[in-house]
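Text of the file final.csv, holding CSV, C-alpha atoms:
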chain,number,residue,atom,x,y,z
A,1,ILE,CA,131.9,125.6,71.8
A,2,ARG,CA,133.2,128.9,73.3
A,3,LEU,CA,130.4,130.8,71.5
A,4,ALA,CA,127.8,128.4,72.9
A,5,LEU,CA,129.1,128.7,76.4
A,6,GLY,CA,129.2,132.5,76.1
A,7,ALA,CA,125.6,132.6,74.9
A,8,ALA,CA,124.6,130.6,77.9
A,9,GLY,CA,126.0,133.2,80.2
A,10,GLY,CA,129.7,132.3,80.5
A,11,ASP,CA,132.7,134.3,79.4
A,12,GLY,CA,133.2,132.4,76.2
A,13,ALA,CA,135.3,129.7,78.0
A,14,GLY,CA,132.6,128.6,80.4
A,15,ALA,CA,134.1,130.4,83.4
A,16,ASP,CA,130.9,131.7,84.8
A,17,ALA,CA,128.4,129.2,83.3
A,18,ALA,CA,126.1,127.6,86.0
A,19,ARG,CA,124.9,124.6,84.1
A,20,VAL,CA,125.3,124.3,80.3
A,21,VAL,CA,124.8,121.4,77.8
A,22,VAL,CA,126.3,121.7,74.3
A,23,ALA,CA,125.6,119.1,71.7
A,24,LEU,CA,128.2,118.6,68.9
A,25,LEU,CA,126.4,117.4,65.7
A,26,GLY,CA,129.6,117.0,63.7
A,27,PRO,CA,133.4,117.4,63.9
A,28,CYS,CA,134.6,120.4,65.8
A,29,THR,CA,138.0,122.2,65.9
A,30,GLU,CA,138.8,124.8,68.5
A,31,SER,CA,141.8,127.1,68.2
A,32,ALA,CA,142.2,127.7,72.0
A,33,ALA,CA,142.1,125.4,75.0
A,34,LEU,CA,138.7,124.9,76.5
A,35,GLU,CA,139.0,126.2,80.1
A,36,ILE,CA,136.1,125.4,82.5
A,37,ARG,CA,136.7,127.3,85.7
A,38,ALA,CA,133.2,127.2,87.4
A,39,GLY,CA,129.8,125.7,87.0
A,40,GLU,CA,128.8,122.4,85.3
A,41,VAL,CA,129.3,122.0,81.5
A,42,THR,CA,128.4,118.9,79.5
A,43,LEU,CA,129.6,118.3,75.9
A,44,LEU,CA,127.7,115.6,74.0
A,45,GLY,CA,128.6,114.1,70.7
A,46,ALA,CA,125.8,113.0,68.4
A,47,PRO,CA,126.4,109.3,67.5
A,48,GLY,CA,128.3,108.8,64.2
A,49,ALA,CA,127.9,106.1,61.7
A,50,ASP,CA,131.2,104.4,62.4
A,51,THR,CA,132.5,105.0,65.9
A,52,GLY,CA,129.4,106.5,67.7
A,53,ARG,CA,131.6,109.5,68.6
A,54,VAL,CA,132.1,113.0,67.3
A,55,ARG,CA,135.7,114.3,66.8
A,56,LEU,CA,136.7,117.3,68.9
A,57,ALA,CA,140.2,118.7,68.1
A,58,LEU,CA,141.7,121.4,70.3
A,59,PRO,CA,144.8,122.4,72.3
A,60,GLY,CA,143.4,120.8,75.4
A,61,VAL,CA,140.8,120.8,78.1
A,62,ARG,CA,141.4,122.5,81.5
A,63,VAL,CA,139.1,121.9,84.4
A,64,THR,CA,139.8,124.0,87.5
A,65,GLY,CA,138.3,125.9,90.4
A,66,GLY,CA,135.7,123.4,91.4
A,67,ALA,CA,134.1,123.2,88.0
A,68,VAL,CA,132.5,120.0,86.6
A,69,LEU,CA,133.0,119.0,82.9
A,70,SER,CA,131.2,116.0,81.5
A,71,LEU,CA,132.1,114.5,78.1
A,72,ARG,CA,130.0,112.0,76.2
A,73,ASN,CA,130.5,110.2,72.9
A,74,LEU,CA,133.5,112.3,71.8
A,75,GLU,CA,136.9,111.7,70.3
A,76,VAL,CA,139.1,114.3,71.9
A,77,PHE,CA,142.3,115.0,70.0
A,78,ALA,CA,144.4,117.4,72.1
A,79,SER,CA,147.7,119.0,70.9
A,80,GLU,CA,148.6,119.6,74.6
A,81,GLU,CA,147.7,117.9,77.9
A,82,ASN,CA,144.2,117.7,79.2
A,83,LEU,CA,144.4,118.9,82.8
A,84,VAL,CA,142.3,118.7,85.9
A,85,GLN,CA,143.1,120.6,89.0
A,86,GLY,CA,140.6,121.2,91.8
A,87,GLY,CA,137.7,120.2,89.5
A,88,THR,CA,135.9,117.2,88.2
A,89,LEU,CA,136.1,115.5,84.8
A,90,ASN,CA,133.5,112.9,84.1
A,91,CYS,CA,133.8,111.0,80.7
A,92,SER,CA,131.8,108.2,79.2
A,93,ASP,CA,132.1,106.5,75.8
A,94,CYS,CA,135.0,108.8,74.8
A,95,ALA,CA,138.4,108.4,73.1
A,96,ILE,CA,141.1,110.7,74.3
A,97,THR,CA,144.6,111.3,73.1
A,98,SER,CA,147.3,114.0,73.5
A,99,ARG,CA,150.1,114.7,71.0
A,100,THR,CA,152.5,116.3,73.5
A,101,GLY,CA,151.6,115.2,77.0
A,102,CYS,CA,149.4,113.0,79.1
A,103,GLY,CA,145.9,112.1,77.9
A,104,ILE,CA,144.6,113.3,81.3
A,105,LEU,CA,146.9,114.9,83.9
A,106,CYS,CA,145.4,114.9,87.4
A,107,LEU,CA,146.8,117.7,89.7
A,108,HIS,CA,146.0,118.8,93.2
A,109,ARG,CA,142.4,117.7,94.3
A,110,ALA,CA,141.4,116.5,90.8
A,111,ARG,CA,138.4,114.2,90.5
A,112,VAL,CA,138.4,112.0,87.4
A,113,ILE,CA,135.7,109.4,86.5
A,114,LEU,CA,136.0,107.4,83.3
A,115,ARG,CA,133.5,104.9,82.0
A,116,ASN,CA,134.0,102.9,78.8
A,117,CYS,CA,136.7,105.2,77.5
A,118,GLU,CA,139.9,104.8,75.5
A,119,ILE,CA,143.0,106.6,76.4
A,120,SER,CA,145.6,105.9,73.8
A,121,ARG,CA,148.6,107.1,71.7
A,122,CYS,CA,149.6,109.9,74.1
A,123,MET,CA,153.1,111.4,74.0
A,124,ARG,CA,153.5,110.7,77.7
A,125,SER,CA,151.4,108.5,80.0
A,126,GLY,CA,147.7,107.9,79.2
A,127,ILE,CA,146.7,109.1,82.7
A,128,GLY,CA,149.1,110.8,85.1
A,129,VAL,CA,148.5,111.7,88.8
A,130,ASN,CA,150.9,114.4,89.8
A,131,GLY,CA,149.0,116.0,92.7
A,132,LYS,CA,147.8,115.1,96.1
A,133,GLY,CA,144.2,114.6,97.2
A,134,THR,CA,143.0,113.3,93.8
A,135,GLU,CA,140.3,110.8,93.1
A,136,LEU,CA,140.6,108.5,90.1
A,137,ASP,CA,137.8,106.0,89.2
A,138,LEU,CA,138.2,104.0,85.9
A,139,ALA,CA,135.8,101.3,84.9
A,140,ASP,CA,135.6,99.3,81.6
A,141,CYS,CA,138.3,101.5,79.9
A,142,VAL,CA,141.2,100.7,77.6
A,143,VAL,CA,144.5,102.5,78.2
A,144,SER,CA,146.9,101.5,75.4
A,145,GLN,CA,149.8,102.4,73.2
A,146,ASN,CA,151.0,105.4,75.2
A,147,ASN,CA,154.7,106.4,74.9
A,148,PHE,CA,155.2,106.3,78.7
A,149,SER,CA,153.2,104.2,81.1
A,150,GLY,CA,149.5,103.5,80.7
A,151,ILE,CA,148.8,105.0,84.1
A,152,GLY,CA,151.5,106.9,86.1
A,153,LEU,CA,150.8,107.5,89.8
A,154,ASN,CA,153.4,109.9,91.3
A,155,HIS,CA,151.5,111.1,94.3
A,156,GLN,CA,149.3,109.4,96.9
A,157,ALA,CA,145.7,110.1,96.1
A,158,ARG,CA,142.5,110.2,98.1
A,159,SER,CA,141.2,107.2,96.1
A,160,ILE,CA,142.3,105.3,93.0
A,161,VAL,CA,140.0,102.5,91.9
A,162,LEU,CA,140.5,100.5,88.6
A,163,ARG,CA,137.7,98.1,87.7
A,164,GLY,CA,137.6,95.9,84.7
A,165,ASN,CA,140.0,97.9,82.5
A,166,ARG,CA,142.5,96.8,79.8
A,167,VAL,CA,145.9,98.4,80.2
A,168,VAL,CA,147.9,97.0,77.3
A,169,GLY,CA,150.7,97.7,74.9
A,170,ASN,CA,152.2,100.8,76.6
A,171,CYS,CA,155.9,101.6,76.1
A,172,TYR,CA,156.9,101.7,79.8
A,173,HIS,CA,154.8,100.1,82.4
A,174,GLY,CA,151.1,99.2,82.4
A,175,ILE,CA,150.7,101.0,85.8
A,176,TRP,CA,153.6,102.7,87.6
A,177,LEU,CA,153.2,103.6,91.3
A,178,ASN,CA,155.7,105.8,93.1
A,179,ALA,CA,156.8,104.8,96.6
A,180,GLY,CA,154.0,105.3,99.1
A,181,VAL,CA,151.2,105.3,96.5
A,182,THR,CA,148.4,102.8,96.8
A,183,ALA,CA,145.8,101.9,94.2
A,184,HIS,CA,143.0,99.3,94.0
A,185,TRP,CA,142.9,96.8,91.0
A,186,GLN,CA,139.5,95.2,90.7
A,187,GLY,CA,139.9,92.9,87.8
A,188,GLY,CA,140.7,93.4,84.1
A,189,GLU,CA,143.7,92.8,81.8
A,190,MET,CA,147.2,94.1,82.0
A,191,SER,CA,149.5,92.7,79.4
A,192,GLU,CA,152.1,93.4,76.7
A,193,ASN,CA,153.5,96.5,78.4
A,194,ARG,CA,157.1,96.8,77.3
A,195,LEU,CA,159.0,97.2,80.7
A,196,SER,CA,156.5,95.6,83.0
A,197,ASN,CA,152.8,95.4,83.8
A,198,LYS,CA,153.2,96.8,87.3
A,199,GLY,CA,156.2,99.1,88.0
A,200,GLY,CA,157.5,101.3,90.8
A,201,ALA,CA,157.7,100.8,94.6
A,202,GLY,CA,154.0,101.6,95.3
A,203,THR,CA,151.2,99.1,96.0
A,204,LEU,CA,148.6,97.8,93.6
A,205,LEU,CA,146.1,96.1,95.8
A,206,GLY,CA,144.3,93.1,94.2
A,207,PHE,CA,146.9,92.6,91.4
A,208,ALA,CA,149.5,89.8,91.1
A,209,ASP,CA,151.7,89.1,88.1
A,210,GLY,CA,149.6,86.0,87.4
A,211,ASP,CA,146.6,88.2,86.9
A,212,ALA,CA,148.1,89.9,83.9
A,213,GLY,CA,146.3,88.0,81.2
A,214,PRO,CA,142.7,88.5,80.0
Target encoding structure tokens, full file:
Amino acid sequence: IRLALGAAGGDGAGADAARVVVALLGPCTESAALEIRAGEVTLLGAPGADTGRVRLALPGVRVTGGAVLSLRNLEVFASEENLVQGGTLNCSDCAITSRTGCGILCLHRARVILRNCEISRCMRSGIGVNGKGTELDLADCVVSQNNFSGIGLNHQARSIVLRGNRVVGNCYHGIWLNAGVTAHWQGGEMSENRLSNKGGAGTLLGFADGDAGP
């Protein structure tokens, strides 16, 4: 991937690429984190016979500096956290996991849009918001079997909208909201999370305990 980004005019990590599309035709392993610091980069997985996704193993993905990274049809196996700070991560039809951290960690002014994705089996929460001014938009996703909460919201964001997702089987809470944090729940399933489905002093608009089932 780094070679492809470099050939397209970047620095080998996509730092200077203006608009680049890279298609992965088979499993790919990267020894270094994929750092996207400027421009627009799209990584596409050619559909496989079993999952329709191509495996991408790497230390992690870092999207910063106003860059936009789009992921399609990939299984992302990260040994560290995937981090977004001041950039945009747009994923569809992907599975994402992290062996040592959050599946996706949203820091200051992160923008994360997920469609039909699975965030599961992460060492910490599936998705964490630890920075102000973030935007988080999840639709038709599954967030499950993470060692902390499915979604952990520590800071008030610009916008958090959750539509038609399944947040199930996480070891702490389904969704944990710190005091002063507000998110919007627009249908879905939240069940079988070990401590509670909704935890913390924050507000999950549109959700009541009776809505937990499918």
Report, in Å with one decimal, the straight-line distance from atom CA of Leu138 of chain A to atom CA of Leu89 of chain A.
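Here the two named atoms are 11.7 Å from each other.
The coordinates place atom CA of Ile104 of chain A at 18.6 Å from atom CA of Arg53 of chain A.
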Which residue is closest to Thr100 of chain A? Choose from A:Ala179, A:Gly66, A:Phe148, A:Val142 and count all atoms listed in the file.
A:Phe148
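Take the candidates A:Gly126, A:Gly26, A:Gly164, A:Gly45 and check each one against Ser92 of chain A using only C-alpha atoms; the shortest distance goes to A:Gly45.
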Name the residues in contact with Pro59 of chain A at a cut-off of 6 Å, using all atoms listed in the file, excluding same-chain residues fewer than 5 positions from it; report them as a list in words.
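Close residues of Pro59 of chain A: Ala32, Ala33, Ala78, Ser79 and Glu80 of chain A.
Taking only C-alpha atoms, the non-local environment of Gly150 of chain A within 9 Å (same-chain residues fewer than 5 positions away omitted) comprises Ile119, Ser120, Arg124, Ser125, Gly126, Ile127, Gly128, Val143, Ser144, Gln145, Val167, Val168, Gly169, Asn170, Cys171, Tyr172, His173, Gly174, Ile175, Trp176 and Asn193 of chain A.
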Using C-alpha atoms, can you write the selected residues to a file as an mmCIF file, in the frame of the given file?
data_model
loop_
_atom_site.group_PDB
_atom_site.id
_atom_site.type_symbol
_atom_site.label_atom_id
_atom_site.label_comp_id
_atom_site.auth_asym_id
_atom_site.auth_seq_id
_atom_site.Cartn_x
_atom_site.Cartn_y
_atom_site.Cartn_z
ATOM 1 C CA ILE A 119 143.000 106.600 76.400
ATOM 2 C CA SER A 120 145.600 105.900 73.800
ATOM 3 C CA ARG A 124 153.500 110.700 77.700
ATOM 4 C CA SER A 125 151.400 108.500 80.000
ATOM 5 C CA GLY A 126 147.700 107.900 79.200
ATOM 6 C CA ILE A 127 146.700 109.100 82.700
ATOM 7 C CA GLY A 128 149.100 110.800 85.100
ATOM 8 C CA VAL A 143 144.500 102.500 78.200
ATOM 9 C CA SER A 144 146.900 101.500 75.400
ATOM 10 C CA GLN A 145 149.800 102.400 73.200
ATOM 11 C CA VAL A 167 145.900 98.400 80.200
ATOM 12 C CA VAL A 168 147.900 97.000 77.300
ATOM 13 C CA GLY A 169 150.700 97.700 74.900
ATOM 14 C CA ASN A 170 152.200 100.800 76.600
ATOM 15 C CA CYS A 171 155.900 101.600 76.100
ATOM 16 C CA TYR A 172 156.900 101.700 79.800
ATOM 17 C CA HIS A 173 154.800 100.100 82.400
ATOM 18 C CA GLY A 174 151.100 99.200 82.400
ATOM 19 C CA ILE A 175 150.700 101.000 85.800
ATOM 20 C CA TRP A 176 153.600 102.700 87.600
ATOM 21 C CA ASN A 193 153.500 96.500 78.400
#
Name all residues at most 12 Å from Glu30 of chain A (count only C-alpha atoms; drop same-chain ones fewer than 2 positions away) and give them as a count of residues only.
21
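Excluding Glu118 of chain A itself and same-chain residues fewer than 3 positions from it, the residues having an atom within 10 Å of it are Glu75, Ser92, Asp93, Cys94, Ala95, Ile96, Thr97, Gly103, Leu114, Arg115, Arg121, Gly126, Asp140, Cys141, Val142, Val143, Ser144, Asn165, Arg166 and Val167 of chain A, counting all atoms listed in the file.
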Regenerate segment 114-146 of chain A at the level of N, CA and C atoms and dump it as a PDB file, keeping the file's coordinate frame.
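Okay, this is what ended up in rebuild-v2.pdb:
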ATOM      1  N   LEU A 114     136.013 107.892  84.685  1.00  0.00           N
ATOM      2  CA  LEU A 114     136.000 107.400  83.300  1.00  0.00           C
ATOM      3  C   LEU A 114     135.191 106.140  83.201  1.00  0.00           C
ATOM      4  N   ARG A 115     134.269 106.078  82.228  1.00  0.00           N
ATOM      5  CA  ARG A 115     133.500 104.900  82.000  1.00  0.00           C
ATOM      6  C   ARG A 115     133.521 104.556  80.480  1.00  0.00           C
ATOM      7  N   ASN A 116     133.960 103.341  80.148  1.00  0.00           N
ATOM      8  CA  ASN A 116     134.000 102.900  78.800  1.00  0.00           C
ATOM      9  C   ASN A 116     134.681 103.863  77.843  1.00  0.00           C
ATOM     10  N   CYS A 117     135.873 104.267  78.256  1.00  0.00           N
ATOM     11  CA  CYS A 117     136.700 105.200  77.500  1.00  0.00           C
ATOM     12  C   CYS A 117     137.960 104.567  76.988  1.00  0.00           C
ATOM     13  N   GLU A 118     138.557 105.180  75.964  1.00  0.00           N
ATOM     14  CA  GLU A 118     139.900 104.800  75.500  1.00  0.00           C
ATOM     15  C   GLU A 118     140.832 105.926  75.613  1.00  0.00           C
ATOM     16  N   ILE A 119     141.966 105.658  76.274  1.00  0.00           N
ATOM     17  CA  ILE A 119     143.000 106.600  76.400  1.00  0.00           C
ATOM     18  C   ILE A 119     144.257 106.050  75.741  1.00  0.00           C
ATOM     19  N   SER A 120     144.616 106.574  74.589  1.00  0.00           N
ATOM     20  CA  SER A 120     145.600 105.900  73.800  1.00  0.00           C
ATOM     21  C   SER A 120     146.455 106.875  72.968  1.00  0.00           C
ATOM     22  N   ARG A 121     147.661 106.391  72.595  1.00  0.00           N
ATOM     23  CA  ARG A 121     148.600 107.100  71.700  1.00  0.00           C
ATOM     24  C   ARG A 121     148.918 108.504  72.172  1.00  0.00           C
ATOM     25  N   CYS A 122     149.138 108.622  73.472  1.00  0.00           N
ATOM     26  CA  CYS A 122     149.600 109.900  74.100  1.00  0.00           C
ATOM     27  C   CYS A 122     151.094 109.965  74.084  1.00  0.00           C
ATOM     28  N   MET A 123     151.639 111.181  73.989  1.00  0.00           N
ATOM     29  CA  MET A 123     153.100 111.400  74.000  1.00  0.00           C
ATOM     30  C   MET A 123     153.707 110.933  75.316  1.00  0.00           C
ATOM     31  N   ARG A 124     152.994 111.170  76.413  1.00  0.00           N
ATOM     32  CA  ARG A 124     153.500 110.700  77.700  1.00  0.00           C
ATOM     33  C   ARG A 124     152.564 109.593  78.211  1.00  0.00           C
ATOM     34  N   SER A 125     152.253 109.550  79.485  1.00  0.00           N
ATOM     35  CA  SER A 125     151.400 108.500  80.000  1.00  0.00           C
ATOM     36  C   SER A 125     149.919 108.768  79.576  1.00  0.00           C
ATOM     37  N   GLY A 126     149.129 107.719  79.517  1.00  0.00           N
ATOM     38  CA  GLY A 126     147.700 107.900  79.200  1.00  0.00           C
ATOM     39  C   GLY A 126     147.041 108.739  80.289  1.00  0.00           C
ATOM     40  N   ILE A 127     147.254 108.359  81.549  1.00  0.00           N
ATOM     41  CA  ILE A 127     146.700 109.100  82.700  1.00  0.00           C
ATOM     42  C   ILE A 127     147.868 109.294  83.682  1.00  0.00           C
ATOM     43  N   GLY A 128     148.056 110.531  84.141  1.00  0.00           N
ATOM     44  CA  GLY A 128     149.100 110.800  85.100  1.00  0.00           C
ATOM     45  C   GLY A 128     148.486 111.472  86.362  1.00  0.00           C
ATOM     46  N   VAL A 129     148.952 111.054  87.536  1.00  0.00           N
ATOM     47  CA  VAL A 129     148.500 111.700  88.800  1.00  0.00           C
ATOM     48  C   VAL A 129     149.776 112.340  89.390  1.00  0.00           C
ATOM     49  N   ASN A 130     149.804 113.670  89.352  1.00  0.00           N
ATOM     50  CA  ASN A 130     150.900 114.400  89.800  1.00  0.00           C
ATOM     51  C   ASN A 130     150.555 115.423  90.926  1.00  0.00           C
ATOM     52  N   GLY A 131     149.448 115.158  91.605  1.00  0.00           N
ATOM     53  CA  GLY A 131     149.000 116.000  92.700  1.00  0.00           C
ATOM     54  C   GLY A 131     148.340 115.257  93.776  1.00  0.00           C
ATOM     55  N   LYS A 132     148.405 115.786  94.989  1.00  0.00           N
ATOM     56  CA  LYS A 132     147.800 115.100  96.100  1.00  0.00           C
ATOM     57  C   LYS A 132     146.324 115.343  96.235  1.00  0.00           C
ATOM     58  N   GLY A 133     145.652 114.436  96.939  1.00  0.00           N
ATOM     59  CA  GLY A 133     144.200 114.600  97.200  1.00  0.00           C
ATOM     60  C   GLY A 133     143.339 114.329  96.014  1.00  0.00           C
ATOM     61  N   THR A 134     143.836 113.616  95.004  1.00  0.00           N
ATOM     62  CA  THR A 134     143.000 113.300  93.800  1.00  0.00           C
ATOM     63  C   THR A 134     142.165 112.104  94.009  1.00  0.00           C
ATOM     64  N   GLU A 135     141.135 112.009  93.163  1.00  0.00           N
ATOM     65  CA  GLU A 135     140.300 110.800  93.100  1.00  0.00           C
ATOM     66  C   GLU A 135     140.250 110.357  91.644  1.00  0.00           C
ATOM     67  N   LEU A 136     140.571 109.086  91.432  1.00  0.00           N
ATOM     68  CA  LEU A 136     140.600 108.500  90.100  1.00  0.00           C
ATOM     69  C   LEU A 136     139.771 107.233  90.093  1.00  0.00           C
ATOM     70  N   ASP A 137     138.764 107.169  89.222  1.00  0.00           N
ATOM     71  CA  ASP A 137     137.800 106.000  89.200  1.00  0.00           C
ATOM     72  C   ASP A 137     137.675 105.630  87.709  1.00  0.00           C
ATOM     73  N   LEU A 138     138.277 104.506  87.309  1.00  0.00           N
ATOM     74  CA  LEU A 138     138.200 104.000  85.900  1.00  0.00           C
ATOM     75  C   LEU A 138     137.465 102.676  85.917  1.00  0.00           C
ATOM     76  N   ALA A 139     136.501 102.536  85.011  1.00  0.00           N
ATOM     77  CA  ALA A 139     135.800 101.300  84.900  1.00  0.00           C
ATOM     78  C   ALA A 139     135.562 100.993  83.371  1.00  0.00           C
ATOM     79  N   ASP A 140     135.876  99.766  82.951  1.00  0.00           N
ATOM     80  CA  ASP A 140     135.600  99.300  81.600  1.00  0.00           C
ATOM     81  C   ASP A 140     136.286 100.179  80.537  1.00  0.00           C
ATOM     82  N   CYS A 141     137.504 100.613  80.839  1.00  0.00           N
ATOM     83  CA  CYS A 141     138.300 101.500  79.900  1.00  0.00           C
ATOM     84  C   CYS A 141     139.425 100.710  79.302  1.00  0.00           C
ATOM     85  N   VAL A 142     139.971 101.255  78.212  1.00  0.00           N
ATOM     86  CA  VAL A 142     141.200 100.700  77.600  1.00  0.00           C
ATOM     87  C   VAL A 142     142.230 101.840  77.617  1.00  0.00           C
ATOM     88  N   VAL A 143     143.398 101.516  78.180  1.00  0.00           N
ATOM     89  CA  VAL A 143     144.500 102.500  78.200  1.00  0.00           C
ATOM     90  C   VAL A 143     145.670 101.779  77.503  1.00  0.00           C
ATOM     91  N   SER A 144     145.989 102.250  76.302  1.00  0.00           N
ATOM     92  CA  SER A 144     146.900 101.500  75.400  1.00  0.00           C
ATOM     93  C   SER A 144     147.766 102.368  74.564  1.00  0.00           C
ATOM     94  N   GLN A 145     148.912 101.810  74.195  1.00  0.00           N
ATOM     95  CA  GLN A 145     149.800 102.400  73.200  1.00  0.00           C
ATOM     96  C   GLN A 145     150.219 103.812  73.505  1.00  0.00           C
ATOM     97  N   ASN A 146     150.485 104.070  74.780  1.00  0.00           N
ATOM     98  CA  ASN A 146     151.000 105.400  75.200  1.00  0.00           C
ATOM     99  C   ASN A 146     152.527 105.309  75.285  1.00  0.00           C
TER     100      ASN A 146
END
